[in-house]
Amino acid sequence: MSGVDEPDDELLGRVLLTRVIEPGDEVGGRWVRELGVGEAVRRLREGGAALPGVSGKRWAGLVARAEAARPRRDLEAARDAGVRFVSPGDAEWPRQLDDLGDARPLGLWVRGRPSLRMWALKSVAVVGARACTEYGAHMAATLAAGLAEQGWVVVSGGAYGVDGAAHRGALGAGGATVAVLACGVDRPYPRGHTRLIGRIAEQGLVIGELPPGDHPTPSRFILRNRVIAALTRGTVVVEAAHRSGSLVTARAAQRLGRHTMGVPGPATSGLSAGVHDLLRGEATLVTDVADVVELVGAIGELAPGRRGPVLPRDLLEPATRQVLAALPGRGTARPDEIARSAQTVKDDAIARLYELRALGYVERHGDGWKLTRQAVTSVRHGHDRG
């Protein structure tokens, strides 16, 4: 792998360590940083005195794992499945993962044709509840499709719920998406997403830290989330309860200095309670793609200003709107009364009343003027906008 037919010792050592050291293990990461891959592997294979930071019992377990590891066989299995191994320092390695320090992945197993490094340069994570609502699925898919249409890569975890909706939204828009798995990338999980993950591998990328055939565990799901956070420019949480794993992704993003965003939900929804907690902290509220891109995009990519719908009365000149607003909701008023309420002179008020009559807003009744039925609604809306 890593671009050569015959793997070198560094590559074989890193592949072996993916069988020995759990994702995110900072103790193991410190061994690699301080001793180097070769020395760490040698010490594990010799099984002598324990390296610092682990108990004798845990060291014995790690040594047993090292004895059972077959890195050449793992590389062959990966090659047969169309999977490559990308190491830190390789041309394809996303350097932002180095921000994880000793918790940085030992390497990543990658399935799919595009360059992971290039795709990660302009990527956004969209994550959330597995048991999401229809609203959550709709928002995730809509955001992902919009991001994909604007050239952003959508990164998520391949799970049911919000993750799956985000991946499908990006795929449906003909865009780019990356699934970060908590298991071997040759064994899609959950099984119900086998077809979806296959589509992602064909159109995008499926990546993970664990070697071929390895299975997910609860802790691996949690630790996987730090990769999603570090890989991307920002994380959008669509729906999340108080104990949702997607909040782990958001908090990891905050620690790494990435943008953290939340999509608001109903105040009564438990599935949005975790998002609302984020929004009370340092996360930014977003409601559409423009909001997201304003945060993670280049300087000057600003979201449009927000305003309500344009009503017909909004197109009137301000002085004419003032005369219209001076008419009572019921009954008639004389021109001098209307002029006083509109803070203008009688002749100006009469001229504007005739203009409003031509537009269908008012009608004349003897010496008085009154609103037409259609105008009553328009004036009330205008007052509501306050």
# chains A, B, ... in the order shown; residues from 1 in each chain; ligands from 1

$ residues_around --residues "Val154 (chain A)" --least-positions-apart "6" --cutoff "6 Å" --atoms "only C-alpha atoms" --output "ChimeraX atom specification"
/A:123-125,177

$ write_last_selection --atoms "C-alpha atoms" --output "compact mmCIF listing (two decimals), in the first residue's frame"
# COMPACT_ATOMS: atom_id res chain seq x y z
CA SER A 123 -15.41 19.53 4.06
CA VAL A 124 -18.19 19.93 6.61
CA ALA A 125 -19.50 17.33 9.06
CA THR A 177 -19.47 12.57 0.70

$ residues_around --residues "Arg243 (chain A)" --least-positions-apart "3" --cutoff "12 Å" --atoms "only C-alpha atoms" --output "list in words"
Gly128, Ala129, Arg130, Ile222, Glu239, Ala240, Ser246, Leu247, Val248, Thr249, Gly270, Leu271, Ser272, Ala273, Gly274, Val275 and Asp277 of chain A

$ select_by_dssp --residues "region 9-213 of chain A" --states "strand (DSSP E)" --output "PyMOL selection string"
chain A and resi 83-86+108-111+123-127+153-156+177-181+205-208

$ write_last_selection --atoms "N, CA, C and O atoms" --output "CSV table (one decimal), in the first residue's frame"
chain,number,residue,atom,x,y,z
A,83,VAL,N,-9.1,-1.5,-1.0
A,83,VAL,CA,-8.9,-0.6,0.2
A,83,VAL,C,-7.4,-0.3,0.2
A,83,VAL,O,-6.5,-1.2,0.0
A,84,ARG,N,-7.0,1.0,0.5
A,84,ARG,CA,-5.6,1.3,0.7
A,84,ARG,C,-5.4,1.9,2.1
A,84,ARG,O,-6.3,2.3,2.8
A,85,PHE,N,-4.1,1.8,2.6
A,85,PHE,CA,-3.8,2.3,3.9
A,85,PHE,C,-3.0,3.6,3.7
A,85,PHE,O,-2.0,3.6,3.0
A,86,VAL,N,-3.4,4.7,4.3
A,86,VAL,CA,-2.8,6.0,4.2
A,86,VAL,C,-2.2,6.3,5.6
A,86,VAL,O,-2.9,6.4,6.6
A,108,LEU,N,-5.1,5.5,8.3
A,108,LEU,CA,-6.5,5.4,7.9
A,108,LEU,C,-6.6,4.4,6.7
A,108,LEU,O,-5.8,4.4,5.7
A,109,TRP,N,-7.6,3.5,6.8
A,109,TRP,CA,-7.9,2.6,5.7
A,109,TRP,C,-8.9,3.3,4.9
A,109,TRP,O,-9.9,3.8,5.4
A,110,VAL,N,-8.7,3.4,3.6
A,110,VAL,CA,-9.5,4.3,2.7
A,110,VAL,C,-10.0,3.4,1.5
A,110,VAL,O,-9.2,2.8,0.8
A,111,ARG,N,-11.3,3.5,1.3
A,111,ARG,CA,-12.0,2.8,0.2
A,111,ARG,C,-12.6,3.9,-0.7
A,111,ARG,O,-13.5,4.7,-0.2
A,123,SER,N,-14.4,20.5,3.6
A,123,SER,CA,-15.4,19.5,4.1
A,123,SER,C,-16.1,20.0,5.3
A,123,SER,O,-15.6,20.8,6.1
A,124,VAL,N,-17.4,19.6,5.5
A,124,VAL,CA,-18.2,19.9,6.6
A,124,VAL,C,-18.8,18.7,7.1
A,124,VAL,O,-19.3,17.8,6.4
A,125,ALA,N,-18.8,18.5,8.5
A,125,ALA,CA,-19.5,17.3,9.1
A,125,ALA,C,-21.0,17.7,9.3
A,125,ALA,O,-21.3,18.7,9.8
A,126,VAL,N,-21.8,16.7,9.0
A,126,VAL,CA,-23.3,16.8,9.3
A,126,VAL,C,-23.6,15.6,10.1
A,126,VAL,O,-23.6,14.5,9.6
A,127,VAL,N,-24.0,15.8,11.4
A,127,VAL,CA,-24.2,14.6,12.3
A,127,VAL,C,-25.5,14.9,13.1
A,127,VAL,O,-26.0,16.0,13.1
A,153,VAL,N,-17.6,19.0,0.6
A,153,VAL,CA,-17.7,17.6,0.9
A,153,VAL,C,-18.4,17.4,2.2
A,153,VAL,O,-18.0,18.0,3.2
A,154,VAL,N,-19.4,16.5,2.2
A,154,VAL,CA,-20.2,16.2,3.4
A,154,VAL,C,-19.6,15.0,4.1
A,154,VAL,O,-19.6,13.9,3.5
A,155,VAL,N,-19.2,15.1,5.3
A,155,VAL,CA,-18.7,14.0,6.1
A,155,VAL,C,-19.6,13.6,7.2
A,155,VAL,O,-20.2,14.5,7.9
A,156,SER,N,-19.8,12.3,7.4
A,156,SER,CA,-20.7,11.8,8.5
A,156,SER,C,-20.3,10.4,8.8
A,156,SER,O,-19.3,9.9,8.3
A,177,THR,N,-19.2,12.9,-0.7
A,177,THR,CA,-19.5,12.6,0.7
A,177,THR,C,-18.5,11.5,1.2
A,177,THR,O,-18.0,10.7,0.4
A,178,VAL,N,-18.2,11.6,2.5
A,178,VAL,CA,-17.2,10.7,3.1
A,178,VAL,C,-17.9,10.1,4.4
A,178,VAL,O,-18.4,10.8,5.2
A,179,ALA,N,-17.8,8.7,4.5
A,179,ALA,CA,-18.4,8.1,5.6
A,179,ALA,C,-17.2,7.6,6.5
A,179,ALA,O,-16.3,6.9,6.0
A,180,VAL,N,-17.2,8.0,7.7
A,180,VAL,CA,-16.1,7.6,8.7
A,180,VAL,C,-16.7,6.5,9.6
A,180,VAL,O,-17.5,6.7,10.4
A,181,LEU,N,-16.2,5.3,9.4
A,181,LEU,CA,-16.7,4.1,10.1
A,181,LEU,C,-15.9,3.8,11.4
A,181,LEU,O,-14.8,4.1,11.5
A,205,LEU,N,-15.9,8.5,-0.6
A,205,LEU,CA,-14.9,7.8,0.2
A,205,LEU,C,-15.5,7.2,1.5
A,205,LEU,O,-16.3,7.8,2.1
A,206,VAL,N,-15.0,6.0,1.8
A,206,VAL,CA,-15.3,5.3,3.1
A,206,VAL,C,-14.0,5.1,3.8
A,206,VAL,O,-13.1,4.5,3.3
A,207,ILE,N,-13.9,5.7,5.0
A,207,ILE,CA,-12.6,5.6,5.7
A,207,ILE,C,-12.8,5.1,7.2
A,207,ILE,O,-13.9,5.1,7.7
A,208,GLY,N,-11.7,4.6,7.8
A,208,GLY,CA,-11.8,4.2,9.2
A,208,GLY,C,-10.4,3.8,9.7
A,208,GLY,O,-9.4,3.7,8.9

$ closest_residue --among "A:Arg58, A:Arg357, A:Arg168, A:Lys346" --to "Leu196 (chain A)" --atoms "only C-alpha atoms"
A:Arg168

$ closest_residue --among "A:Arg195, A:Arg65, A:Arg251, A:Lys122" --to "Gln150 (chain A)" --atoms "only C-alpha atoms"
A:Lys122
